[in-house]
Amino acid sequence: MIDPMKKLLFALVLLLVAAGVQAQGIPWNDGVEASSLTLIGKAFDTPNPYDRIDTVRYKGFDKAENKMCRQPAGLAVLFRTNATDIGVSMEFGERSTSSYRAYRGVDLYIMKDGRWTWAGMNDFAVNHDDPSLVRNIVQHMDGSMKECILYLPINAEVYSCKIRVPQGATIEAMESPFRHKIVFHGSSFTHGISCGRAGMSYPVQFMRRTGMQIIPLGFSGHCKMQPYFADVLEDIEADAYVFDPFSNPDAKTIRERLLPFIDRMVSAHPGKPIIVQQTIYWEKENFNTEAQKTFTERRAVADSLVKIARKKYKDVYFIVPDAALHNGESSTADGVHPNDNGYSVWERSIEKPILRILRRYGIR
């Protein structure tokens, strides 16, 4: 008798093979490199266009941070196409082995009736390293010209990303409709850890909903107001800066680093809004008394120091995000990181406060 688990695994393999055969059965073109279209979300030019930070130019990062500098979390490509099918072929460096498809997958939105509407996604299984392999993202569309935004993986190093459409279809770069430039720097929350899809972190949701161009600089577990991160942020010319600085460091580190960090940001970007977010309520605090103590202290220290900064600087602001459903149901994947719904709740909680602040500076 065949083991039920073996049956399940065999069925999953057949599904993956079928998906691959189906994709390969379409007469795909040779592909257009995403970086030759309209790549958005970049703070700087980098030797590899899919890296976020050039680690040759900026020093001080540890091994994990160097790897995250080379992950295109939050970056996206804009293009127009009349294709009925859209696929992607990719070549990776290091990539996550997590079950989260956002970590090594792409996520497609298409403009429909004036709003960015989800269209499809796919990921690249760990054992598929063939850069000629095409993954279908969306199929059987009509042949009208469409405006598309494709988000890149949040936890993988990308060497090549080719957009594939059937032979004879048109694909071309499109001018970005996103205005201004807003930096989002923070923890795993800002990075988008635990997202089900690459387009679901709260900063990129903010971008789609508001039309503001975001510069995504989330660094999972490593956003602790380090001086070398300040080196990078000082060099980014943007219209506003939004920070999630209290989710990773302990209370002692916050006491030591927050005010010097804000001093550097204000000095480097005079007259620009510096928006600091409190850390969200972590669901692990529900019954864990040690977690309650830890995060209560962290929030208290943050509150007291931001008050000092706000008295000193007129362009420093403090907002309190919320990612909880408040109905007894969980909105996290693991008691810490929001799930897709939790990240949507977070975005809704900060959207109006940030837009109110930006309007004071003529940023609309």
# chains A, B, ... in the order shown; residues from 1 in each chain; ligands from 1
>>> residues_around(residues="Tyr228 of chain A", least_positions_apart="4", cutoff="9 Å", atoms="only C-alpha atoms", output="list in words")
Tyr58, Lys59, Gly60, Phe61, Val232 and Leu233 of chain A
>>> closest_atom_pairs(of="segment 56-98 of chain A", to="segment 114-126 of chain A", cutoff="10 Å", atoms="only C-alpha atoms", output="JSON lines")
{"residue": "A:Ile86", "atom": "CA", "partner": "A:Gly120", "partner_atom": "CA", "distance": 9.2}
{"residue": "A:Gly87", "atom": "CA", "partner": "A:Asn122", "partner_atom": "CA", "distance": 8.8}
{"residue": "A:Val88", "atom": "CA", "partner": "A:Asn122", "partner_atom": "CA", "distance": 8.6}
{"residue": "A:Ser89", "atom": "CA", "partner": "A:Phe124", "partner_atom": "CA", "distance": 9.1}
{"residue": "A:Met90", "atom": "CA", "partner": "A:Phe124", "partner_atom": "CA", "distance": 8.3}
{"residue": "A:Glu91", "atom": "CA", "partner": "A:Phe124", "partner_atom": "CA", "distance": 9.8}
{"residue": "A:Phe92", "atom": "CA", "partner": "A:Phe124", "partner_atom": "CA", "distance": 9.6}
{"residue": "A:Arg95", "atom": "CA", "partner": "A:Val126", "partner_atom": "CA", "distance": 8.1}
{"residue": "A:Ser96", "atom": "CA", "partner": "A:Val126", "partner_atom": "CA", "distance": 8.0}
{"residue": "A:Thr97", "atom": "CA", "partner": "A:Val126", "partner_atom": "CA", "distance": 6.3}
{"residue": "A:Ser98", "atom": "CA", "partner": "A:Val126", "partner_atom": "CA", "distance": 9.1}
>>> select_by_dssp(residues="segment 112-178 of chain A", states="strand (DSSP E or B)", output="MDAnalysis selection string")
chainID A and resid 112 115:123 135:138 146:151 156:164 166 171:173
>>> residues_around(residues="Pro249 of chain A", least_positions_apart="5", cutoff="8 Å", atoms="only C-alpha atoms", output="ChimeraX atom specification")
/A:223-224,254
>>> write_last_selection(atoms="N, CA and C atoms", output="PDB file, in the first residue's frame")
ATOM      1  N   CYS A 223      17.385  46.581  11.858  1.00  0.00           N
ATOM      2  CA  CYS A 223      17.188  48.030  11.840  1.00  0.00           C
ATOM      3  C   CYS A 223      17.331  48.554  13.267  1.00  0.00           C
ATOM      4  N   LYS A 224      18.535  48.984  13.614  1.00  0.00           N
ATOM      5  CA  LYS A 224      18.819  49.392  14.981  1.00  0.00           C
ATOM      6  C   LYS A 224      19.487  50.766  15.038  1.00  0.00           C
ATOM      7  N   ILE A 254      17.965  51.855  22.148  1.00  0.00           N
ATOM      8  CA  ILE A 254      17.144  53.011  21.777  1.00  0.00           C
ATOM      9  C   ILE A 254      17.628  54.258  22.507  1.00  0.00           C
TER      10      ILE A 254
END
>>> residues_around(residues="segment 300-314 of chain A", least_positions_apart="3", cutoff="8 Å", atoms="only C-alpha atoms", output="NGL selection string")
:A and (246 or 251 or 254-255 or 258-259 or 262 or 266 or 278 or 296-297 or 317-318)
>>> residues_around(residues="Ser176 of chain A", least_positions_apart="3", cutoff="8 Å", atoms="only C-alpha atoms", output="list in words")
Thr38, Ile40, Leu78 and Arg179 of chain A
>>> residues_around(residues="Gly41 of chain A", least_positions_apart="4", cutoff="7 Å", atoms="only C-alpha atoms", output="ChimeraX atom specification")
/A:74-76,214-216
>>> closest_residue(among="A:Val183, A:His326, A:Ser194, A:Ser267", to="Phe206 of chain A", atoms="only C-alpha atoms")
A:Val183
>>> closest_residue(among="A:Glu65, A:Glu147, A:Asp322, A:Asp85", to="Arg348 of chain A", atoms="only C-alpha atoms")
A:Asp322
>>> residues_around(residues="Lys42 of chain A", least_positions_apart="2", cutoff="12 Å", atoms="only C-alpha atoms", output="PyMOL selection string")
chain A and resi 35+38-40+44-46+48-54+69-77+181-184+213-217+236-238
>>> write_last_selection(atoms="C-alpha atoms", output="PDB file, in the first residue's frame")
ATOM      1  CA  SER A  35      15.932  46.625 -15.572  1.00  0.00           C
ATOM      2  CA  THR A  38      11.063  51.126 -15.699  1.00  0.00           C
ATOM      3  CA  LEU A  39      12.530  49.906 -12.425  1.00  0.00           C
ATOM      4  CA  ILE A  40      11.150  51.825  -9.442  1.00  0.00           C
ATOM      5  CA  PHE A  44      20.834  54.685  -5.946  1.00  0.00           C
ATOM      6  CA  ASP A  45      22.276  53.168  -9.075  1.00  0.00           C
ATOM      7  CA  THR A  46      24.019  49.887  -8.237  1.00  0.00           C
ATOM      8  CA  ASN A  48      23.496  44.951 -10.135  1.00  0.00           C
ATOM      9  CA  PRO A  49      20.295  46.909 -10.851  1.00  0.00           C
ATOM     10  CA  TYR A  50      18.290  44.607  -8.577  1.00  0.00           C
ATOM     11  CA  ASP A  51      20.385  45.408  -5.490  1.00  0.00           C
ATOM     12  CA  ARG A  52      19.106  48.081  -3.149  1.00  0.00           C
ATOM     13  CA  ILE A  53      22.445  49.303  -1.763  1.00  0.00           C
ATOM     14  CA  ASP A  54      25.966  49.097  -3.196  1.00  0.00           C
ATOM     15  CA  CYS A  69      21.287  44.958   0.569  1.00  0.00           C
ATOM     16  CA  ARG A  70      21.290  42.616  -2.445  1.00  0.00           C
ATOM     17  CA  GLN A  71      17.624  41.656  -2.060  1.00  0.00           C
ATOM     18  CA  PRO A  72      15.149  43.699  -4.162  1.00  0.00           C
ATOM     19  CA  ALA A  73      12.482  43.776  -1.432  1.00  0.00           C
ATOM     20  CA  GLY A  74       9.910  46.372  -2.461  1.00  0.00           C
ATOM     21  CA  LEU A  75      11.456  47.092  -5.860  1.00  0.00           C
ATOM     22  CA  ALA A  76       9.142  46.805  -8.849  1.00  0.00           C
ATOM     23  CA  VAL A  77       9.137  47.096 -12.632  1.00  0.00           C
ATOM     24  CA  LYS A 181       9.874  60.093  -3.196  1.00  0.00           C
ATOM     25  CA  ILE A 182       9.232  58.738   0.305  1.00  0.00           C
ATOM     26  CA  VAL A 183      11.865  56.619   2.086  1.00  0.00           C
ATOM     27  CA  PHE A 184      10.635  53.778   4.314  1.00  0.00           C
ATOM     28  CA  GLN A 213       6.799  56.652  -4.907  1.00  0.00           C
ATOM     29  CA  ILE A 214       8.435  54.755  -2.036  1.00  0.00           C
ATOM     30  CA  ILE A 215      12.072  53.838  -1.495  1.00  0.00           C
ATOM     31  CA  PRO A 216      11.893  50.513   0.406  1.00  0.00           C
ATOM     32  CA  LEU A 217      14.731  49.930   2.868  1.00  0.00           C
ATOM     33  CA  ILE A 236      19.233  59.699  -0.217  1.00  0.00           C
ATOM     34  CA  GLU A 237      17.512  62.820  -1.479  1.00  0.00           C
ATOM     35  CA  ALA A 238      13.792  62.349  -0.915  1.00  0.00           C
TER      36      ALA A 238
END
>>> closest_residue(among="A:Met111, A:Ile280, A:Ala83, A:Ile357", to="Ser144 of chain A", atoms="only C-alpha atoms")
A:Ala83
>>> closest_residue(among="A:Lys67, A:Arg135, A:Arg197, A:Lys352", to="Ala156 of chain A", atoms="only C-alpha atoms")
A:Lys67
>>> closest_residue(among="A:Ala102, A:Leu37, A:Val242, A:Met225", to="Ile149 of chain A", atoms="only C-alpha atoms")
A:Leu37
>>> atom_distance(atom1="atom CA of Asp113 of chain A", atom2="atom CA of Arg208 of chain A")
13.6 Å
>>> select_by_dssp(residues="segment 134-205 of chain A", states="alpha helix (DSSP H)", output="NGL selection string")
:A and (188-191 or 202-205)
>>> closest_atom_pairs(of="segment 216-335 of chain A", to="segment 339-345 of chain A", cutoff="10 Å", atoms="only C-alpha atoms", output="JSON lines")
{"residue": "A:Pro321", "atom": "CA", "partner": "A:Val345", "partner_atom": "CA", "distance": 8.9}
{"residue": "A:Asp322", "atom": "CA", "partner": "A:Val345", "partner_atom": "CA", "distance": 6.8}
{"residue": "A:Ala323", "atom": "CA", "partner": "A:Gly342", "partner_atom": "CA", "distance": 4.9}
{"residue": "A:Ala324", "atom": "CA", "partner": "A:Gly342", "partner_atom": "CA", "distance": 6.3}
{"residue": "A:Leu325", "atom": "CA", "partner": "A:Gly342", "partner_atom": "CA", "distance": 7.4}
{"residue": "A:Ser330", "atom": "CA", "partner": "A:Gly342", "partner_atom": "CA", "distance": 8.5}
{"residue": "A:Ser331", "atom": "CA", "partner": "A:Gly342", "partner_atom": "CA", "distance": 4.8}
{"residue": "A:Thr332", "atom": "CA", "partner": "A:Asn339", "partner_atom": "CA", "distance": 4.7}
{"residue": "A:Ala333", "atom": "CA", "partner": "A:Asn339", "partner_atom": "CA", "distance": 5.0}
{"residue": "A:Asp334", "atom": "CA", "partner": "A:Asn339", "partner_atom": "CA", "distance": 8.5}
{"residue": "A:Gly335", "atom": "CA", "partner": "A:Asn339", "partner_atom": "CA", "distance": 9.7}
>>> atom_distance(atom1="atom CA of Glu33 of chain A", atom2="atom CA of His191 of chain A")
24.2 Å
